[in-house]
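Here's the structure, in structure tokens; my notes come after.
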Amino acid sequence: MARLVEIELHSDARPLPPRVRDLFDCADDLVERFSNDHRERPVPAFVPSDFVEVHHSLQRIEEARLTTGPRFLEWGSGIGVVTCLASLAGFDAAGIEIEPELVEIARGLADDHGFDVEFVAGSFVPTGGEQVIESHAYNLARSVTWLRTDGHDGYELLGLEADDFDLVFAYPWPGEEEAIFDLFAEYAADGALLLTHHGEDGMLLQRKRR
């Protein structure tokens with residue numbers, strides 16, 4: 001049976017490189033503009049993660065050579081900042097996002113800042129993952145969920161499978177953490193890493209083991 005084993009991530013307070021600061025400044029403007037445009041009808045579960053913490057975590061993962069390979073995937077990539085940060089850290093990075101408008105914003109952000117990344121509009125839940133989500137239905141019913149399966153198959157659009165990725169990032173909505181963990185344990189490759197952000201509780205890094 002697969003299980004997830006936590007890997008300790010040490011804190012890091014190094015200054016942000018100019019390219020990262022520029023990316024964050026632009027992202028802040030895009031998030032504010034998008035939120036204002038959708039004030040009357042907000043996009044469900046659109047809450048950006050702590051980009052500074054994610055940046056430091058990705059840098060530490062790469063410097064310590066913790067991954068089994070270079071492929072990175074963001075589950076629910078939003079406006080694409082984390083995927084761009086993964087590219088900056090040296091990963092072959094892609095993001096899957098269910099909201100097409102956010103995918104277009106992410107593509108524009110990446111192009112404007114010169115990041116060679118790929119974004120697709122679809123579901124990051126692998127085929128068959130609906131059963132995993134349903135097993136957590138009691139907790140998920142308490143919140144607006146972003147674990148949607150009504151979009152295109154994101155992996156098919158990327159031309160890859162869920163177990164082709166060496167590092168996956170996600171920012172679970174409250175109540176969805178265990179569903180995310182179980183999806184990763186079920187469909188990721190053995191040895192792959194899952195990096196998640198948990199609000200005030202910070203970052204969590206786990207490796208899939210048999």
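Naming scheme: A, B, ... for chains in displayed order of the structure tokens; residues 1 onward per chain; ligands 1 onward as shown.
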
Determine, for each residue of range 5-95 of chain A having at least one atom at most 10 Å from an atom of range 163-173 of chain A, the closest pair of atoms and their separation in Å to one decimal, counting only C-alpha atoms; order by chain and ascending number, as a Markdown table.
| residue | atom | partner | partner_atom | distance |
| --- | --- | --- | --- | --- |
| A:Ala45 | CA | A:Trp173 | CA | 6.8 |
| A:Phe46 | CA | A:Trp173 | CA | 9.3 |
| A:Val47 | CA | A:Trp173 | CA | 8.6 |
| A:Pro48 | CA | A:Tyr171 | CA | 8.3 |
| A:Ser49 | CA | A:Tyr171 | CA | 6.5 |
| A:Asp50 | CA | A:Tyr171 | CA | 9.5 |
| A:Val54 | CA | A:Phe169 | CA | 9.1 |
| A:Leu58 | CA | A:Phe169 | CA | 9.7 |
| A:Ile61 | CA | A:Leu167 | CA | 9.5 |
| A:Leu66 | CA | A:Leu167 | CA | 9.4 |
| A:Thr67 | CA | A:Asp166 | CA | 6.0 |
| A:Thr68 | CA | A:Asp166 | CA | 5.9 |
| A:Gly69 | CA | A:Asp166 | CA | 5.5 |
| A:Pro70 | CA | A:Asp166 | CA | 6.4 |
| A:Arg71 | CA | A:Phe165 | CA | 4.9 |
| A:Phe72 | CA | A:Leu167 | CA | 4.8 |
| A:Leu73 | CA | A:Val168 | CA | 4.8 |
| A:Glu74 | CA | A:Phe169 | CA | 4.8 |
| A:Trp75 | CA | A:Ala170 | CA | 5.2 |
| A:Gly76 | CA | A:Ala170 | CA | 6.8 |
| A:Ser77 | CA | A:Ala170 | CA | 8.2 |
| A:Val82 | CA | A:Phe169 | CA | 8.2 |
| A:Thr83 | CA | A:Phe169 | CA | 8.8 |
| A:Ala86 | CA | A:Phe169 | CA | 9.6 |
| A:Phe91 | CA | A:Leu167 | CA | 9.0 |
| A:Asp92 | CA | A:Phe165 | CA | 9.5 |
| A:Ala93 | CA | A:Leu167 | CA | 9.4 |
| A:Ala94 | CA | A:Phe165 | CA | 9.7 |
| A:Gly95 | CA | A:Phe169 | CA | 9.3 |

Next item on the list: Determine, counting only C-alpha atoms, which protein, DNA and RNA residues have an atom within 9 Å of an atom of Tyr155 in chain A; residues of the same chain fewer than 3 positions away are not included. Present the result as an MDAnalysis selection string.
Entry: chainID A and resid 96 120 122:126 152 158:162

With C-alpha atoms retained, could you export that selection as a PDB file, in the first residue's frame?
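The new file selection_11.pdb reads:
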ATOM      1  CA  ILE A  96      -3.460  22.297 -14.982  1.00  0.00           C
ATOM      2  CA  VAL A 120      -3.787  23.653 -20.014  1.00  0.00           C
ATOM      3  CA  GLY A 122      -8.812  21.019 -17.656  1.00  0.00           C
ATOM      4  CA  SER A 123      -9.097  18.807 -14.594  1.00  0.00           C
ATOM      5  CA  PHE A 124      -6.031  17.619 -12.709  1.00  0.00           C
ATOM      6  CA  VAL A 125      -8.007  14.740 -11.162  1.00  0.00           C
ATOM      7  CA  PRO A 126      -6.752  11.607 -12.954  1.00  0.00           C
ATOM      8  CA  HIS A 152     -11.080  18.173 -20.154  1.00  0.00           C
ATOM      9  CA  LEU A 158      -0.303  17.689 -21.808  1.00  0.00           C
ATOM     10  CA  GLY A 159       0.360  14.357 -23.523  1.00  0.00           C
ATOM     11  CA  LEU A 160       1.474  12.849 -20.204  1.00  0.00           C
ATOM     12  CA  GLU A 161       0.177  10.704 -17.351  1.00  0.00           C
ATOM     13  CA  ALA A 162      -0.173  11.544 -13.673  1.00  0.00           C
TER      14      ALA A 162
END

Next item on the list: Find the spatial neighbours of His55 in chain A, counting only C-alpha atoms, within a cut-off of 12 Å - ignore same-chain residues fewer than 4 positions away - and output them as a PyMOL selection string.
Entry: chain A and resi 11-17+19-21+23-24+49-51+59-62+81-90+169+195+197+203

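Rounded to one decimal, CA of Glu200 in chain A and CA of Pro174 in chain A lie 11.8 Å from each other.
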
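The strand (DSSP E or B) portion of range 70-180 of chain A consists of Arg71, Phe72, Leu73, Glu74, Trp75, Asp92, Ala93, Ala94, Gly95, Ile96, Glu97, Glu118, Phe119, Val120, Ala121, Ser123, Asp153, Leu167, Val168, Phe169 and Ala170 of chain A, with states taken from DSSP on the backbone.
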
Keeping only N, CA, C and O atoms, write the selected residues as a PDB file, in the first residue's frame.
ATOM      1  N   ARG A  71      10.408  16.800 -13.935  1.00  0.00           N
ATOM      2  CA  ARG A  71       9.056  17.212 -14.309  1.00  0.00           C
ATOM      3  C   ARG A  71       8.243  17.692 -13.107  1.00  0.00           C
ATOM      4  O   ARG A  71       8.120  16.983 -12.110  1.00  0.00           O
ATOM      5  N   PHE A  72       7.684  18.906 -13.265  1.00  0.00           N
ATOM      6  CA  PHE A  72       6.874  19.544 -12.223  1.00  0.00           C
ATOM      7  C   PHE A  72       5.477  19.788 -12.755  1.00  0.00           C
ATOM      8  O   PHE A  72       5.300  20.206 -13.904  1.00  0.00           O
ATOM      9  N   LEU A  73       4.477  19.582 -11.878  1.00  0.00           N
ATOM     10  CA  LEU A  73       3.089  19.873 -12.240  1.00  0.00           C
ATOM     11  C   LEU A  73       2.409  20.584 -11.089  1.00  0.00           C
ATOM     12  O   LEU A  73       2.523  20.172  -9.928  1.00  0.00           O
ATOM     13  N   GLU A  74       1.682  21.658 -11.428  1.00  0.00           N
ATOM     14  CA  GLU A  74       0.874  22.354 -10.426  1.00  0.00           C
ATOM     15  C   GLU A  74      -0.583  21.958 -10.607  1.00  0.00           C
ATOM     16  O   GLU A  74      -1.158  22.139 -11.686  1.00  0.00           O
ATOM     17  N   TRP A  75      -1.190  21.435  -9.549  1.00  0.00           N
ATOM     18  CA  TRP A  75      -2.612  21.100  -9.551  1.00  0.00           C
ATOM     19  C   TRP A  75      -3.399  22.343  -9.181  1.00  0.00           C
ATOM     20  O   TRP A  75      -3.328  22.840  -8.064  1.00  0.00           O
ATOM     21  N   ASP A  92      11.090  21.266 -15.474  1.00  0.00           N
ATOM     22  CA  ASP A  92      10.268  21.265 -16.684  1.00  0.00           C
ATOM     23  C   ASP A  92       8.828  21.371 -16.209  1.00  0.00           C
ATOM     24  O   ASP A  92       8.219  20.375 -15.816  1.00  0.00           O
ATOM     25  N   ALA A  93       8.281  22.586 -16.213  1.00  0.00           N
ATOM     26  CA  ALA A  93       7.078  22.879 -15.433  1.00  0.00           C
ATOM     27  C   ALA A  93       5.829  23.044 -16.285  1.00  0.00           C
ATOM     28  O   ALA A  93       5.859  23.615 -17.385  1.00  0.00           O
ATOM     29  N   ALA A  94       4.701  22.560 -15.719  1.00  0.00           N
ATOM     30  CA  ALA A  94       3.392  22.698 -16.356  1.00  0.00           C
ATOM     31  C   ALA A  94       2.341  22.874 -15.272  1.00  0.00           C
ATOM     32  O   ALA A  94       2.558  22.529 -14.105  1.00  0.00           O
ATOM     33  N   GLY A  95       1.187  23.414 -15.670  1.00  0.00           N
ATOM     34  CA  GLY A  95       0.089  23.602 -14.738  1.00  0.00           C
ATOM     35  C   GLY A  95      -1.229  23.208 -15.365  1.00  0.00           C
ATOM     36  O   GLY A  95      -1.438  23.420 -16.570  1.00  0.00           O
ATOM     37  N   ILE A  96      -2.101  22.638 -14.561  1.00  0.00           N
ATOM     38  CA  ILE A  96      -3.460  22.297 -14.982  1.00  0.00           C
ATOM     39  C   ILE A  96      -4.430  23.132 -14.163  1.00  0.00           C
ATOM     40  O   ILE A  96      -4.366  23.134 -12.932  1.00  0.00           O
ATOM     41  N   GLU A  97      -5.317  23.829 -14.852  1.00  0.00           N
ATOM     42  CA  GLU A  97      -6.278  24.730 -14.199  1.00  0.00           C
ATOM     43  C   GLU A  97      -7.646  24.566 -14.856  1.00  0.00           C
ATOM     44  O   GLU A  97      -7.743  24.540 -16.082  1.00  0.00           O
ATOM     45  N   GLU A 118       4.075  25.368 -19.612  1.00  0.00           N
ATOM     46  CA  GLU A 118       2.856  25.013 -20.339  1.00  0.00           C
ATOM     47  C   GLU A 118       1.667  24.995 -19.378  1.00  0.00           C
ATOM     48  O   GLU A 118       1.767  24.454 -18.277  1.00  0.00           O
ATOM     49  N   PHE A 119       0.559  25.598 -19.822  1.00  0.00           N
ATOM     50  CA  PHE A 119      -0.678  25.591 -19.048  1.00  0.00           C
ATOM     51  C   PHE A 119      -1.800  25.031 -19.910  1.00  0.00           C
ATOM     52  O   PHE A 119      -1.911  25.365 -21.091  1.00  0.00           O
ATOM     53  N   VAL A 120      -2.632  24.193 -19.299  1.00  0.00           N
ATOM     54  CA  VAL A 120      -3.787  23.653 -20.014  1.00  0.00           C
ATOM     55  C   VAL A 120      -5.028  23.856 -19.159  1.00  0.00           C
ATOM     56  O   VAL A 120      -4.961  23.872 -17.918  1.00  0.00           O
ATOM     57  N   ALA A 121      -6.168  24.002 -19.839  1.00  0.00           N
ATOM     58  CA  ALA A 121      -7.453  24.189 -19.170  1.00  0.00           C
ATOM     59  C   ALA A 121      -8.160  22.850 -19.066  1.00  0.00           C
ATOM     60  O   ALA A 121      -8.653  22.306 -20.056  1.00  0.00           O
ATOM     61  N   SER A 123      -9.086  19.353 -15.943  1.00  0.00           N
ATOM     62  CA  SER A 123      -9.097  18.807 -14.594  1.00  0.00           C
ATOM     63  C   SER A 123      -7.785  18.095 -14.304  1.00  0.00           C
ATOM     64  O   SER A 123      -7.282  17.343 -15.140  1.00  0.00           O
ATOM     65  N   ASP A 153      -9.567  16.333 -19.751  1.00  0.00           N
ATOM     66  CA  ASP A 153      -8.513  15.601 -19.057  1.00  0.00           C
ATOM     67  C   ASP A 153      -7.203  16.373 -19.218  1.00  0.00           C
ATOM     68  O   ASP A 153      -6.636  16.435 -20.306  1.00  0.00           O
ATOM     69  N   LEU A 167       7.471  16.016  -9.235  1.00  0.00           N
ATOM     70  CA  LEU A 167       7.101  16.936  -8.162  1.00  0.00           C
ATOM     71  C   LEU A 167       5.760  17.577  -8.508  1.00  0.00           C
ATOM     72  O   LEU A 167       5.600  18.109  -9.613  1.00  0.00           O
ATOM     73  N   VAL A 168       4.819  17.509  -7.584  1.00  0.00           N
ATOM     74  CA  VAL A 168       3.492  18.105  -7.763  1.00  0.00           C
ATOM     75  C   VAL A 168       3.279  19.119  -6.640  1.00  0.00           C
ATOM     76  O   VAL A 168       3.625  18.858  -5.478  1.00  0.00           O
ATOM     77  N   PHE A 169       2.720  20.278  -7.002  1.00  0.00           N
ATOM     78  CA  PHE A 169       2.357  21.281  -6.003  1.00  0.00           C
ATOM     79  C   PHE A 169       0.854  21.478  -6.005  1.00  0.00           C
ATOM     80  O   PHE A 169       0.214  21.498  -7.066  1.00  0.00           O
ATOM     81  N   ALA A 170       0.291  21.663  -4.807  1.00  0.00           N
ATOM     82  CA  ALA A 170      -1.137  21.976  -4.683  1.00  0.00           C
ATOM     83  C   ALA A 170      -1.352  22.845  -3.450  1.00  0.00           C
ATOM     84  O   ALA A 170      -0.599  22.760  -2.474  1.00  0.00           O
TER      85      ALA A 170
END

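Considering only C-alpha atoms, the residue among A:Glu130, A:Glu6, A:Asp22, A:Asp116 positioned nearest to Lys208 in chain A is A:Glu6.
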
Note to self: For the helix (DSSP H, G or I) assignment from backbone DSSP, which residues of range 40-170 of chain A qualify? Please present them as JSON, numbers by chain.
What the structure shows: {"A": [51, 52, 53, 54, 55, 56, 57, 58, 59, 60, 61, 62, 63, 81, 82, 83, 84, 85, 86, 87, 88, 100, 101, 102, 103, 104, 105, 106, 107, 108, 109, 110, 111, 112, 130, 131, 132, 133, 134, 137, 138, 139, 140, 154, 155, 156, 157, 158, 162, 163, 164]}

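For the atom pair formed by CA of Glu63 in chain A and CA of His10 in chain A, the distance is 12.1 Å, given to one decimal.
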
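Here CA of His56 in chain A is placed at a distance of 15.3 Å from CA of Gly199 in chain A.
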